[in-house]
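*Asks:* For reference, the file structure21.cif (mmCIF, C-alpha atoms) is included below:
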data_data
loop_
_atom_site.label_atom_id
_atom_site.label_comp_id
_atom_site.auth_asym_id
_atom_site.auth_seq_id
_atom_site.Cartn_x
_atom_site.Cartn_y
_atom_site.Cartn_z
CA MET A 10 160.78 117.24 81.85
CA ARG A 11 161.31 113.49 82.02
CA PRO A 12 159.98 111.91 78.83
CA GLY A 13 156.92 109.81 79.58
CA GLU A 14 155.72 111.73 82.62
CA SER A 15 152.33 112.07 80.96
CA ALA A 16 151.62 108.34 81.18
CA SER A 17 148.03 107.73 82.15
CA ARG A 18 147.24 107.62 85.85
CA LEU A 19 145.31 104.45 85.04
CA GLY A 20 148.55 102.50 84.97
CA VAL A 21 147.78 100.78 81.66
CA LYS A 22 150.95 99.72 79.87
CA THR A 23 150.72 99.04 76.16
CA LYS A 24 152.97 99.06 73.13
CA GLY A 25 150.54 101.36 71.34
CA TYR A 26 150.43 104.03 74.02
CA ASN A 27 154.05 105.06 74.02
CA ASN A 28 154.07 108.66 75.23
CA GLN A 29 157.79 108.47 75.86
CA VAL A 30 158.44 108.88 72.14
CA PHE A 31 156.13 111.90 71.93
CA TRP A 32 157.65 113.72 74.89
CA ARG A 33 161.19 112.93 73.80
CA LEU A 34 160.48 114.42 70.37
CA ILE A 35 159.05 117.56 71.96
CA LEU A 36 161.99 117.95 74.32
CA VAL A 37 164.58 117.38 71.60
CA CYS A 38 162.81 119.92 69.40
CA VAL A 39 162.89 122.56 72.09
CA LEU A 40 166.43 121.84 73.24
CA GLY A 41 167.61 121.83 69.64
CA ALA A 42 166.23 125.33 69.19
CA GLY A 43 168.11 126.38 72.30
CA LEU A 44 171.39 125.04 70.93
CA ALA A 45 170.83 126.82 67.63
CA ALA A 46 170.35 130.07 69.50
CA ALA A 47 173.46 129.39 71.54
CA GLU A 48 175.59 129.35 68.41
CA SER A 49 174.73 132.88 67.36
CA GLU A 50 173.76 134.97 70.40
CA PRO A 51 175.69 136.58 73.24
CA GLY A 52 175.65 134.44 76.36
CA GLN A 53 175.99 131.30 74.23
CA GLU A 54 178.19 129.54 76.76
CA THR A 55 175.59 130.03 79.48
CA LEU A 56 172.85 128.64 77.28
CA ARG A 57 174.97 125.77 75.99
CA ARG A 58 175.79 124.83 79.58
CA ALA A 59 172.08 125.01 80.54
CA VAL A 60 171.08 122.71 77.68
CA GLU A 61 173.84 120.23 78.43
CA LEU A 62 172.87 120.15 82.11
CA HIS A 63 169.24 119.63 81.11
CA GLN A 64 170.06 116.79 78.73
CA SER A 65 172.25 115.08 81.31
CA GLY A 66 169.50 115.19 83.95
CA HIS A 67 170.92 117.95 86.16
CA TYR A 68 167.66 119.88 86.19
CA SER A 69 168.22 122.06 89.24
CA GLU A 70 171.51 123.38 87.85
CA ALA A 71 169.97 123.83 84.40
CA ILE A 72 167.22 126.00 85.92
CA GLY A 73 169.80 128.42 87.30
CA GLU A 74 171.61 128.67 83.96
CA TYR A 75 168.39 129.19 82.03
CA ARG A 76 167.35 131.98 84.37
CA THR A 77 170.73 133.66 83.96
CA TYR A 78 170.41 133.54 80.18
CA LEU A 79 166.81 134.77 80.19
CA ARG A 80 167.67 137.83 82.26
CA ALA A 81 169.62 139.05 79.23
CA HIS A 82 167.31 137.47 76.62
CA PRO A 83 163.73 137.59 77.97
CA GLU A 84 162.33 137.23 74.43
CA ALA A 85 163.84 133.73 73.90
CA ALA A 86 160.61 131.69 73.92
CA GLU A 87 162.26 128.30 73.23
CA VAL A 88 164.68 128.80 76.10
CA ARG A 89 161.84 129.85 78.39
CA SER A 90 160.04 126.66 77.41
CA ASN A 91 163.19 124.70 78.30
CA LEU A 92 163.11 126.35 81.71
CA GLY A 93 159.48 125.34 82.09
CA ALA A 94 160.34 121.72 81.26
CA ALA A 95 163.14 121.66 83.83
CA LEU A 96 160.89 123.19 86.49
CA ALA A 97 158.14 120.67 85.72
CA HIS A 98 160.59 117.80 86.12
CA GLU A 99 161.43 119.10 89.58
CA GLY A 100 157.73 119.19 90.47
CA ARG A 101 157.60 122.99 90.41
CA TYR A 102 154.52 123.05 88.21
CA GLY A 103 153.28 126.50 89.19
CA GLU A 104 156.54 128.07 88.07
CA ALA A 105 156.57 125.88 84.95
CA ILE A 106 153.10 127.13 84.02
CA GLN A 107 154.28 130.73 84.32
CA GLU A 108 157.23 130.08 82.00
CA TYR A 109 155.18 128.13 79.44
CA THR A 110 152.53 130.85 79.43
CA LEU A 111 155.12 133.55 78.72
CA ALA A 112 156.72 131.41 76.01
CA LEU A 113 153.36 130.72 74.41
CA LYS A 114 152.49 134.41 74.44
CA ALA A 115 155.55 134.97 72.27
CA GLN A 116 154.85 131.92 70.06
CA PRO A 117 151.10 131.16 70.20
CA ALA A 118 151.33 128.66 67.31
CA ASN A 119 154.00 126.53 68.99
CA VAL A 120 152.26 123.18 69.54
CA SER A 121 155.07 121.74 71.67
CA ILE A 122 154.94 124.59 74.18
CA ARG A 123 151.15 124.47 74.33
CA PHE A 124 151.22 120.75 74.96
CA ASN A 125 153.75 121.11 77.77
CA LEU A 126 151.58 123.84 79.30
CA GLY A 127 148.60 121.49 79.20
CA LEU A 128 150.66 118.74 80.77
CA ALA A 129 151.74 121.05 83.60
CA TYR A 130 148.10 121.91 84.29
CA TYR A 131 147.30 118.18 84.19
CA LYS A 132 149.98 117.48 86.78
CA THR A 133 148.56 120.10 89.14
CA GLY A 134 145.08 118.61 88.79
CA ASP A 135 143.72 121.65 86.91
CA ILE A 136 141.94 119.45 84.39
CA THR A 137 139.77 122.25 82.99
CA ARG A 138 142.78 124.27 81.83
CA ALA A 139 144.63 121.13 80.76
CA VAL A 140 141.72 120.15 78.51
CA LYS A 141 141.67 123.61 76.93
CA GLU A 142 145.33 123.32 75.92
CA PHE A 143 145.11 119.67 74.86
CA GLU A 144 142.08 120.40 72.69
CA ALA A 145 143.98 123.20 70.95
CA VAL A 146 146.90 120.84 70.26
CA TYR A 147 144.54 118.11 69.08
CA ALA A 148 142.90 120.51 66.62
CA ALA A 149 146.28 121.67 65.30
CA LEU A 150 147.79 118.24 64.61
CA PRO A 151 147.00 116.56 61.26
CA ALA A 152 144.43 113.77 61.34
CA ASP A 153 147.05 111.16 60.39
CA ASP A 154 149.60 112.33 62.94
CA SER A 155 150.40 109.44 65.30
CA ASN A 156 150.88 111.90 68.16
CA ARG A 157 147.31 113.12 67.65
CA GLN A 158 146.07 109.57 68.15
CA ARG A 159 148.02 109.27 71.41
CA LEU A 160 146.60 112.59 72.53
CA ILE A 161 143.12 111.07 72.26
CA LEU A 162 143.89 108.87 75.26
CA LEU A 163 145.05 111.74 77.42
CA LEU A 164 142.06 113.87 76.46
CA SER A 165 139.72 110.94 77.11
CA GLU A 166 141.15 110.47 80.57
CA CYS A 167 140.66 114.17 81.32
CA TYR A 168 137.07 114.05 80.08
CA LEU A 169 136.43 110.99 82.24
CA ARG A 170 137.80 112.80 85.28
CA GLN A 171 135.39 115.65 84.53
CA GLY A 172 132.47 113.23 84.34
CA GLU A 173 131.98 113.86 80.62
CA GLU A 174 131.46 110.26 79.53
CA ALA A 175 129.76 111.21 76.25
CA ARG A 176 132.91 113.01 75.08
CA VAL A 177 135.04 109.99 75.98
CA VAL A 178 132.78 107.75 73.90
CA ALA A 179 132.83 110.19 70.98
CA LEU A 180 136.64 110.27 70.98
CA LEU A 181 137.26 106.56 71.44
CA ASN A 182 134.44 105.01 69.43
CA PRO A 183 136.33 105.52 66.14
CA VAL A 184 139.37 103.77 67.64
CA ALA A 185 137.22 100.83 68.74
CA ASP A 186 135.41 100.71 65.39
CA ARG A 187 138.71 100.34 63.57
CA GLY A 188 139.34 97.18 65.57
CA GLN A 189 142.51 98.56 67.13
CA GLU A 190 142.94 96.72 70.42
CA ASP A 191 144.54 99.20 72.77
CA PRO A 192 144.06 98.26 76.45
CA ALA A 193 144.30 101.89 77.60
CA ALA A 194 141.61 102.97 75.13
CA ASP A 195 139.46 99.94 75.92
CA TYR A 196 139.61 100.67 79.64
CA LEU A 197 138.68 104.34 79.26
CA LEU A 198 135.91 103.58 76.78
CA GLY A 199 134.62 100.65 78.83
CA THR A 200 134.45 102.78 81.98
CA ALA A 201 132.59 105.57 80.16
CA LEU A 202 130.13 103.10 78.62
CA LEU A 203 129.39 101.46 81.97
CA HIS A 204 128.80 104.87 83.54
CA GLN A 205 126.39 105.64 80.71
CA GLY A 206 124.49 102.40 81.22
CA GLN A 207 125.75 100.78 78.01
CA ASP A 208 126.47 97.54 79.83
CA GLU A 209 126.51 95.26 76.78
CA ARG A 210 129.26 97.19 75.01
CA GLY A 211 131.11 97.59 78.30
CA ALA A 212 131.07 93.80 78.75
CA MET A 213 132.45 93.38 75.24
CA LEU A 214 135.41 95.58 76.09
CA ILE A 215 136.02 93.61 79.29
CA GLU A 216 136.29 90.47 77.17
CA ARG A 217 138.72 92.23 74.85
CA LEU A 218 140.85 93.40 77.77
CA LEU A 219 140.98 89.86 79.14
CA ARG A 220 142.84 88.79 76.01
CA HIS A 221 145.73 90.97 77.19
CA GLY A 222 145.99 89.12 80.49
CA ASP A 223 144.83 89.52 84.05
CA THR A 224 145.10 93.26 84.77
CA ALA A 225 143.90 95.64 87.46
CA GLU A 226 141.89 97.51 84.83
CA VAL A 227 139.90 94.42 83.87
CA HIS A 228 138.96 93.82 87.50
CA MET A 229 137.95 97.47 87.90
CA LEU A 230 135.56 97.21 84.97
CA MET A 231 134.15 93.99 86.40
CA ALA A 232 133.76 95.73 89.77
CA TYR A 233 131.72 98.51 88.14
CA THR A 234 129.57 95.89 86.41
CA ARG A 235 128.90 94.01 89.65
CA MET A 236 128.19 97.24 91.50
CA LYS A 237 125.52 98.15 88.95
CA ALA A 238 123.98 94.71 89.48
CA ASN A 239 123.81 95.46 93.24
CA ASP A 240 126.39 92.73 93.90
CA SER A 241 128.44 94.64 96.49
CA LYS A 242 130.25 91.54 97.75
CA GLY A 243 131.29 90.56 94.22
CA ALA A 244 132.36 94.12 93.44
CA LEU A 245 134.55 94.26 96.57
CA GLY A 246 136.15 90.97 95.52
CA GLU A 247 137.03 92.44 92.12
CA ILE A 248 138.48 95.54 93.79
CA ASP A 249 140.67 93.34 96.00
CA ARG A 250 141.95 91.59 92.86
CA ALA A 251 142.62 94.94 91.17
CA LEU A 252 144.58 96.24 94.17
CA ALA A 253 146.59 93.02 94.38
CA LEU A 254 147.79 93.77 90.86
CA ASN A 255 148.14 97.54 91.30
CA PRO A 256 148.12 98.74 94.93
CA ASN A 257 148.38 102.37 93.83
CA LEU A 258 145.14 102.50 91.85
CA ALA A 259 143.25 105.41 93.37
CA GLU A 260 140.05 104.53 91.50
CA ALA A 261 139.94 101.17 93.27
CA TYR A 262 140.06 102.75 96.72
CA CYS A 263 137.44 105.29 95.69
CA LEU A 264 135.06 102.60 94.46
CA ARG A 265 135.69 100.59 97.63
CA GLY A 266 134.75 103.66 99.65
CA ARG A 267 131.52 104.10 97.70
CA LEU A 268 130.54 100.47 98.25
CA GLU A 269 131.29 100.64 101.97
CA PHE A 270 129.38 103.93 102.16
CA ILE A 271 126.34 102.18 100.65
CA VAL A 272 126.41 99.42 103.27
CA SER A 273 126.95 102.01 106.04
CA ASP A 274 130.50 100.96 106.92
CA MET A 275 131.50 104.58 107.49
CA ASP A 276 134.88 103.84 109.05
CA GLY A 277 135.86 101.64 106.12
CA ALA A 278 134.50 104.16 103.62
CA GLU A 279 136.41 107.05 105.18
CA LYS A 280 139.64 105.07 105.22
CA ALA A 281 139.22 104.15 101.56
CA PHE A 282 138.41 107.69 100.45
CA ARG A 283 141.40 109.09 102.33
CA LYS A 284 143.66 106.51 100.69
CA ALA A 285 142.28 107.50 97.29
CA LEU A 286 143.03 111.16 98.01
CA GLU A 287 146.50 110.27 99.20
CA LEU A 288 147.14 108.74 95.77
CA ALA A 289 145.10 111.25 93.75
CA PRO A 290 144.50 114.52 95.66
CA ASN A 291 142.13 115.79 92.96
CA SER A 292 139.85 112.76 92.80
CA PHE A 293 136.37 114.28 92.51
CA ASP A 294 134.56 111.15 93.69
CA ALA A 295 136.75 110.80 96.77
CA LEU A 296 136.33 114.48 97.69
CA PHE A 297 132.59 114.39 97.08
CA PHE A 298 131.82 111.21 98.98
CA LEU A 299 134.22 111.96 101.85
CA GLY A 300 132.73 115.44 102.17
CA THR A 301 129.22 113.99 102.21
CA LEU A 302 130.19 111.40 104.82
CA LEU A 303 131.80 114.02 107.05
CA ARG A 304 128.78 116.33 106.72
CA GLU A 305 126.42 113.55 107.78
CA GLN A 306 128.65 112.88 110.80
CA GLY A 307 128.64 116.55 111.79
CA ARG A 308 132.36 117.05 111.09
CA LEU A 309 131.56 120.29 109.35
CA PRO A 310 134.84 122.23 108.90
CA GLU A 311 136.55 119.40 107.02
CA ALA A 312 133.35 118.51 105.20
CA HIS A 313 133.17 122.10 103.95
CA THR A 314 136.74 121.93 102.66
CA GLN A 315 136.23 118.64 100.82
CA LEU A 316 132.90 119.62 99.25
CA GLN A 317 134.15 123.05 98.24
CA ARG A 318 137.07 121.42 96.44
CA ALA A 319 134.71 118.98 94.72
CA VAL A 320 132.54 121.86 93.47
CA GLU A 321 135.63 123.70 92.24
CA LEU A 322 136.67 120.64 90.25
CA ARG A 323 133.20 120.11 88.75
CA PRO A 324 131.15 123.29 89.16
CA LYS A 325 128.24 121.84 87.15
CA GLU A 326 127.97 118.59 89.09
CA ILE A 327 124.47 118.49 90.57
CA GLY A 328 125.18 116.18 93.52
CA ALA A 329 128.19 118.17 94.67
CA ARG A 330 126.30 121.46 94.47
CA TYR A 331 123.43 119.97 96.46
CA GLN A 332 125.66 118.57 99.19
CA PHE A 333 127.56 121.86 99.43
CA ALA A 334 124.27 123.70 99.95
CA LEU A 335 123.32 121.24 102.71
CA GLU A 336 126.74 121.81 104.27
CA TYR A 337 126.03 125.54 104.59
CA SER A 338 122.66 124.72 106.13
CA SER A 339 124.33 122.36 108.61
CA GLU A 340 126.66 125.21 109.57
CA GLY A 341 123.64 127.42 110.28
CA ASP A 342 124.03 129.61 107.19
CA ASP A 343 120.55 129.04 105.75
CA LYS A 344 120.70 132.21 103.68
CA ARG A 345 123.72 130.97 101.74
CA ALA A 346 122.24 127.48 101.52
CA ALA A 347 119.04 128.91 100.02
CA GLU A 348 121.04 130.87 97.42
CA LEU A 349 122.90 127.74 96.36
CA LEU A 350 119.72 125.66 96.15
CA GLU A 351 117.94 128.39 94.17
CA SER A 352 120.81 128.43 91.71
CA LEU A 353 120.74 124.63 91.47
CA ILE A 354 116.99 124.52 90.85
CA LYS A 355 117.36 127.15 88.15
CA SER A 356 119.77 124.77 86.40
CA VAL A 357 117.78 121.59 87.17
CA PRO A 358 114.10 122.50 87.75
CA ASP A 359 112.97 118.89 88.36
CA TYR A 360 115.47 118.13 91.14
CA THR A 361 112.95 116.97 93.73
CA GLU A 362 115.29 116.79 96.73
CA ALA A 363 116.54 120.32 96.09
CA HIS A 364 112.95 121.64 96.18
CA ARG A 365 112.23 119.68 99.35
CA SER A 366 115.36 120.94 101.12
CA LEU A 367 114.74 124.51 99.96
CA SER A 368 111.21 124.30 101.36
CA THR A 369 112.57 123.38 104.79
CA ILE A 370 115.14 126.18 104.69
CA TYR A 371 112.55 128.78 103.60
CA PHE A 372 110.38 127.87 106.61
CA ARG A 373 113.39 128.29 108.91
CA LEU A 374 114.08 131.69 107.35
CA GLY A 375 110.48 132.77 107.99
CA ARG A 376 109.59 132.68 104.29
CA ALA A 377 106.55 130.47 104.82
CA ALA A 378 104.75 131.21 101.54
CA GLU A 379 107.83 130.32 99.50
CA GLY A 380 108.34 127.25 101.68
CA ARG A 381 104.82 126.03 100.92
CA GLU A 382 105.35 126.64 97.21
CA GLU A 383 108.57 124.61 97.16
CA ARG A 384 106.91 121.80 99.13
CA LYS A 385 104.05 121.75 96.61
CA ILE A 386 106.54 121.51 93.71
CA ALA A 387 108.35 118.62 95.42
CA GLU A 388 105.06 116.78 95.99
CA THR A 389 104.07 117.27 92.33
CA LEU A 390 107.42 115.93 91.15
CA ASP A 391 107.07 112.94 93.50
CA ALA A 392 103.64 112.20 92.05
CA GLN A 393 105.00 112.37 88.50
CA ILE A 394 107.79 109.93 89.35
CA GLN A 395 105.32 107.55 91.01
CA ALA A 396 103.06 107.67 87.94
CA GLN A 397 106.00 106.94 85.65
CA ASP A 398 107.02 103.97 87.81
CA GLN A 399 103.49 102.60 87.73
CA GLN A 400 103.32 102.98 83.95
CA ARG A 401 106.66 101.22 83.59
CA GLY A 402 105.39 98.38 85.77
CA ARG A 403 102.28 97.95 83.64
CA SER A 404 104.43 97.88 80.48
CA LEU A 405 106.61 95.12 81.91
CA LYS A 406 103.54 92.95 82.67
CA LYS A 407 102.38 93.05 79.05
#
Mind turning the file's structure into structure tokens?
*Replies:*
Amino acid sequence: MRPGESASRLGVKTKGYNNQVFWRLILVCVLGAGLAAAESEPGQETLRRAVELHQSGHYSEAIGEYRTYLRAHPEAAEVRSNLGAALAHEGRYGEAIQEYTLALKAQPANVSIRFNLGLAYYKTGDITRAVKEFEAVYAALPADDSNRQRLILLLSECYLRQGEEARVVALLNPVADRGQEDPAADYLLGTALLHQGQDERGAMLIERLLRHGDTAEVHMLMAYTRMKANDSKGALGEIDRALALNPNLAEAYCLRGRLEFIVSDMDGAEKAFRKALELAPNSFDALFFLGTLLREQGRLPEAHTQLQRAVELRPKEIGARYQFALEYSSEGDDKRAAELLESLIKSVPDYTEAHRSLSTIYFRLGRAAEGREERKIAETLDAQIQAQDQQRGRSLKK
């Protein structure tokens, strides 16, 4: 595995976030164990050759030598981990995961192997499994271990991709409180805070990032801020500035697509979402919004594929589950749509639109009594929201 491959997809470059050192230490540790084994076991020449090929960057050849050695020594966990690293470097992440999993089964306490397994999951976009492995490594490393601090950034990014802003804030708040100015941490924390509605703290982090120069990340945070203020034109301007500095920033294209979706520029939105997916195939927002756009345009087969993938990435995400249910209804499968909406309402009983849509579907299915009941629930929830808005308005006048 090439040291530094775990660098954040955000493209933030800082002196403090030097993953290259971490990955090099892990690789040297594993390769060193392989060389030690080579000195005392049969097949040592094969293993020595594999390690030398690996260290010199001849990964494809090293893979063949490792496999030859492992056929005679299937219990050699360190060597199997080496094979996983070489496979990962070649982009063969599925095979790498298999090798890391076998190695970890033999050495469940090996933090290096577990971390590399998490990184392989991360590279495939399987963030849920990546987080599980990263959290185990994070818990195993001492509190004062510098590698543990770097791991915070990777975990924070994964949490942000899962839409778990509160966990990002919990991880990065201590870093911010210590006054450690790390642009990568500031960007992740600032994004999470803005998503949570903590605009004042988010603005503070924007100011801090500005001290490190004009970066794409600063303009992305400013774009989020302008978007929340309903300044679509200003937000698009910030996105243009971000892309001028980093044309491969998938988040920028995704946010552009959302803004164009809001103003009903569907062609522009679709183009932006597809560009985001080209750069980041597992972007939840791009999959979700593109799927929704396609569903509304009646392009159902592709809409189904995009929304299904979005739900797989975030199975608890309310909006994705709702849109996926509507997709089944658009396809004519009202029975399946009703099942999905029933499940959603069980999780979120006050989701007004889900009750309203379920009412319509029940009537189509001939379940009139249930349809009337769902319509009554939706009307009650609407009345409650209206009353709350009126009360809020009276409070503002005081």
*Asks:* What's the 12 Å shell around Tyr147 in chain A, counting only C-alpha atoms, without same-chain residues fewer than 6 positions away, as number ranges by chain?
*Replies:* A: 120-121, 123-124, 127, 140-141, 153-165, 180
*Asks:* Tell me which of A:Ala71, A:Val88, A:Asn239, A:Gly134 sits closest to Arg318 in chain A, counting all atoms listed in the file.
*Replies:*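 When distances to Arg318 in chain A are compared using all atoms listed in the file, the smallest one comes from A:Gly134.
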*Asks:* What separation in Å, quoted to one decimal, exists between CA of Arg76 in chain A and CA of Leu92 in chain A?
*Replies:*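 CA of Arg76 in chain A sits 7.5 Å away from CA of Leu92 in chain A.
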*Asks:* Please expand the PyMOL selection byres ((chain A and resi 56) around 7) into the concrete residues it hits in this file, giving the result as a ChimeraX atom specification.
*Replies:* /A:47,52-55,57-60,74-75,78
*Asks:* Suppose you want the space between CA of Val227 in chain A and CA of Phe282 in chain A; what is it in Å?
*Replies:*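 A separation of 21.3 Å between them.
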*Asks:* What separation in Å, quoted to one decimal, exists between CA of Ile215 in chain A and CA of Met229 in chain A?
*Replies:*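 Rounded to one decimal, the two atoms are 9.6 Å apart.
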*Asks:* Kindly indicate which residue among A:Arg176, A:Asn291, A:Glu144, A:Arg304 lies nearest to Glu321 in chain A, using only C-alpha atoms for the distances.
*Replies:*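 Ranking A:Arg176, A:Asn291, A:Glu144, A:Arg304 by distance to Glu321 in chain A, first place goes to A:Asn291.
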*Asks:* Near Glu351 in chain A, counting only C-alpha atoms, which residues have an atom at most 12 Å away, once you skip same-chain residues fewer than 3 positions from it, shown as a PDB file with C-alpha atoms, in the coordinates of the input?
*Replies:*
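Saved file part_19.pdb follows:
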ATOM      1  CA  ARG A 330     126.300 121.460  94.470  1.00  0.00           C
ATOM      2  CA  TYR A 331     123.430 119.970  96.460  1.00  0.00           C
ATOM      3  CA  ALA A 334     124.270 123.700  99.950  1.00  0.00           C
ATOM      4  CA  ASP A 343     120.550 129.040 105.750  1.00  0.00           C
ATOM      5  CA  LYS A 344     120.700 132.210 103.680  1.00  0.00           C
ATOM      6  CA  ARG A 345     123.720 130.970 101.740  1.00  0.00           C
ATOM      7  CA  ALA A 346     122.240 127.480 101.520  1.00  0.00           C
ATOM      8  CA  ALA A 347     119.040 128.910 100.020  1.00  0.00           C
ATOM      9  CA  GLU A 348     121.040 130.870  97.420  1.00  0.00           C
ATOM     10  CA  ILE A 354     116.990 124.520  90.850  1.00  0.00           C
ATOM     11  CA  LYS A 355     117.360 127.150  88.150  1.00  0.00           C
ATOM     12  CA  SER A 356     119.770 124.770  86.400  1.00  0.00           C
ATOM     13  CA  VAL A 357     117.780 121.590  87.170  1.00  0.00           C
ATOM     14  CA  PRO A 358     114.100 122.500  87.750  1.00  0.00           C
ATOM     15  CA  TYR A 360     115.470 118.130  91.140  1.00  0.00           C
ATOM     16  CA  ALA A 363     116.540 120.320  96.090  1.00  0.00           C
ATOM     17  CA  HIS A 364     112.950 121.640  96.180  1.00  0.00           C
ATOM     18  CA  ARG A 365     112.230 119.680  99.350  1.00  0.00           C
ATOM     19  CA  SER A 366     115.360 120.940 101.120  1.00  0.00           C
ATOM     20  CA  LEU A 367     114.740 124.510  99.960  1.00  0.00           C
ATOM     21  CA  SER A 368     111.210 124.300 101.360  1.00  0.00           C
ATOM     22  CA  ILE A 370     115.140 126.180 104.690  1.00  0.00           C
ATOM     23  CA  TYR A 371     112.550 128.780 103.600  1.00  0.00           C
ATOM     24  CA  GLU A 379     107.830 130.320  99.500  1.00  0.00           C
ATOM     25  CA  GLU A 383     108.570 124.610  97.160  1.00  0.00           C
TER      26      GLU A 383
END
*Asks:* Between A:Gln397, A:His221, A:Ala232, A:Arg170, which one has atoms that come closest to Ala289 in chain A, using all atoms listed in the file?
*Replies:*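 Closest to Ala289 in chain A of all the choices is A:Arg170.
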*Asks:* If you count all atoms listed in the file, which residues fall within 12 Å of Val272 in chain A, apart from same-chain ones fewer than 3 positions away, as number ranges by chain?
*Replies:* A: 239-242, 245, 265-269, 275-278
*Asks:* Could you name the residues that touch Glu226 in chain A at 7 Å or less, counting only C-alpha atoms, but leaving out those on the same chain fewer than 2 positions away, as a list in words?
*Replies:*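 Using only C-alpha atoms, the neighbours found are Tyr196, Thr224, His228, Met229, Leu230 and Ala251 of chain A.
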*Asks:* Which residues would end up in the selection if the PyMOL selection byres ((chain A and resi 198) around 9) were applied here, given that I need the answer as an NGL selection string?
*Replies:* :A and (165 or 174 or 177-178 or 180-182 or 185 or 193-197 or 199-203 or 211 or 214)
*Asks:* Since I can't run it myself right now, could you work out what the PyMOL selection byres ((chain A and resi 110) around 10) selects here and report it as number ranges by chain?
*Replies:* A: 86, 89-90, 93, 104-109, 111-117, 122-123, 125-126
*Asks:* Within 10 Å of (136.9, 110.5, 93.6) (file coordinates; only C-alpha atoms), which protein or nucleic acid residues are there? I'd like them as a list in words.
*Replies:*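 I get Arg170, Ala259, Glu260, Ala261, Tyr262, Cys263, Leu264, Gly266, Arg267, Phe282, Arg283, Ala285, Leu286, Ala289, Pro290, Asn291, Ser292, Phe293, Asp294, Ala295, Leu296, Phe297, Phe298, Leu299 and Ala319 of chain A for the residues within 10 Å of that point.
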*Asks:* Between A:Ile327, A:Leu322, A:Ala396, A:Leu303, which residue has the minimum interatomic distance to Gln171 in chain A, considering all atoms listed in the file?
*Replies:*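 Closest to Gln171 in chain A, using all atoms listed in the file: A:Leu322.
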*Asks:* Taking into account only C-alpha atoms, which residue in the set A:Ile271, A:Met236, A:Leu390, A:Ala97 is nearest to Thr133 in chain A?
*Replies:* A:Ala97
*Asks:* Some atoms are absent from range 384-395 of chain A, so rebuild N, CA and C atoms and return them as a PDB file, in the frame of the given file.
*Replies:*
ATOM      1  N   ARG A 384     107.421 123.104  98.687  1.00  0.00           N
ATOM      2  CA  ARG A 384     106.910 121.800  99.130  1.00  0.00           C
ATOM      3  C   ARG A 384     105.887 121.267  98.131  1.00  0.00           C
ATOM      4  N   LYS A 385     105.048 122.157  97.607  1.00  0.00           N
ATOM      5  CA  LYS A 385     104.050 121.750  96.610  1.00  0.00           C
ATOM      6  C   LYS A 385     104.733 121.249  95.336  1.00  0.00           C
ATOM      7  N   ILE A 386     105.797 121.937  94.910  1.00  0.00           N
ATOM      8  CA  ILE A 386     106.540 121.510  93.710  1.00  0.00           C
ATOM      9  C   ILE A 386     107.150 120.130  93.938  1.00  0.00           C
ATOM     10  N   ALA A 387     107.741 119.918  95.116  1.00  0.00           N
ATOM     11  CA  ALA A 387     108.350 118.620  95.420  1.00  0.00           C
ATOM     12  C   ALA A 387     107.306 117.511  95.405  1.00  0.00           C
ATOM     13  N   GLU A 388     106.128 117.788  95.971  1.00  0.00           N
ATOM     14  CA  GLU A 388     105.060 116.780  95.990  1.00  0.00           C
ATOM     15  C   GLU A 388     104.578 116.471  94.569  1.00  0.00           C
ATOM     16  N   THR A 389     104.483 117.480  93.727  1.00  0.00           N
ATOM     17  CA  THR A 389     104.070 117.270  92.330  1.00  0.00           C
ATOM     18  C   THR A 389     105.083 116.420  91.595  1.00  0.00           C
ATOM     19  N   LEU A 390     106.366 116.707  91.799  1.00  0.00           N
ATOM     20  CA  LEU A 390     107.420 115.930  91.150  1.00  0.00           C
ATOM     21  C   LEU A 390     107.406 114.486  91.642  1.00  0.00           C
ATOM     22  N   ASP A 391     107.177 114.302  92.947  1.00  0.00           N
ATOM     23  CA  ASP A 391     107.070 112.940  93.500  1.00  0.00           C
ATOM     24  C   ASP A 391     105.927 112.173  92.841  1.00  0.00           C
ATOM     25  N   ALA A 392     104.805 112.851  92.659  1.00  0.00           N
ATOM     26  CA  ALA A 392     103.640 112.200  92.050  1.00  0.00           C
ATOM     27  C   ALA A 392     103.927 111.817  90.600  1.00  0.00           C
ATOM     28  N   GLN A 393     104.645 112.667  89.895  1.00  0.00           N
ATOM     29  CA  GLN A 393     105.000 112.370  88.500  1.00  0.00           C
ATOM     30  C   GLN A 393     105.910 111.150  88.421  1.00  0.00           C
ATOM     31  N   ILE A 394     106.871 111.087  89.335  1.00  0.00           N
ATOM     32  CA  ILE A 394     107.790 109.930  89.350  1.00  0.00           C
ATOM     33  C   ILE A 394     107.036 108.651  89.662  1.00  0.00           C
ATOM     34  N   GLN A 395     106.119 108.725  90.639  1.00  0.00           N
ATOM     35  CA  GLN A 395     105.320 107.550  91.010  1.00  0.00           C
ATOM     36  C   GLN A 395     104.470 107.077  89.824  1.00  0.00           C
TER      37      GLN A 395
END
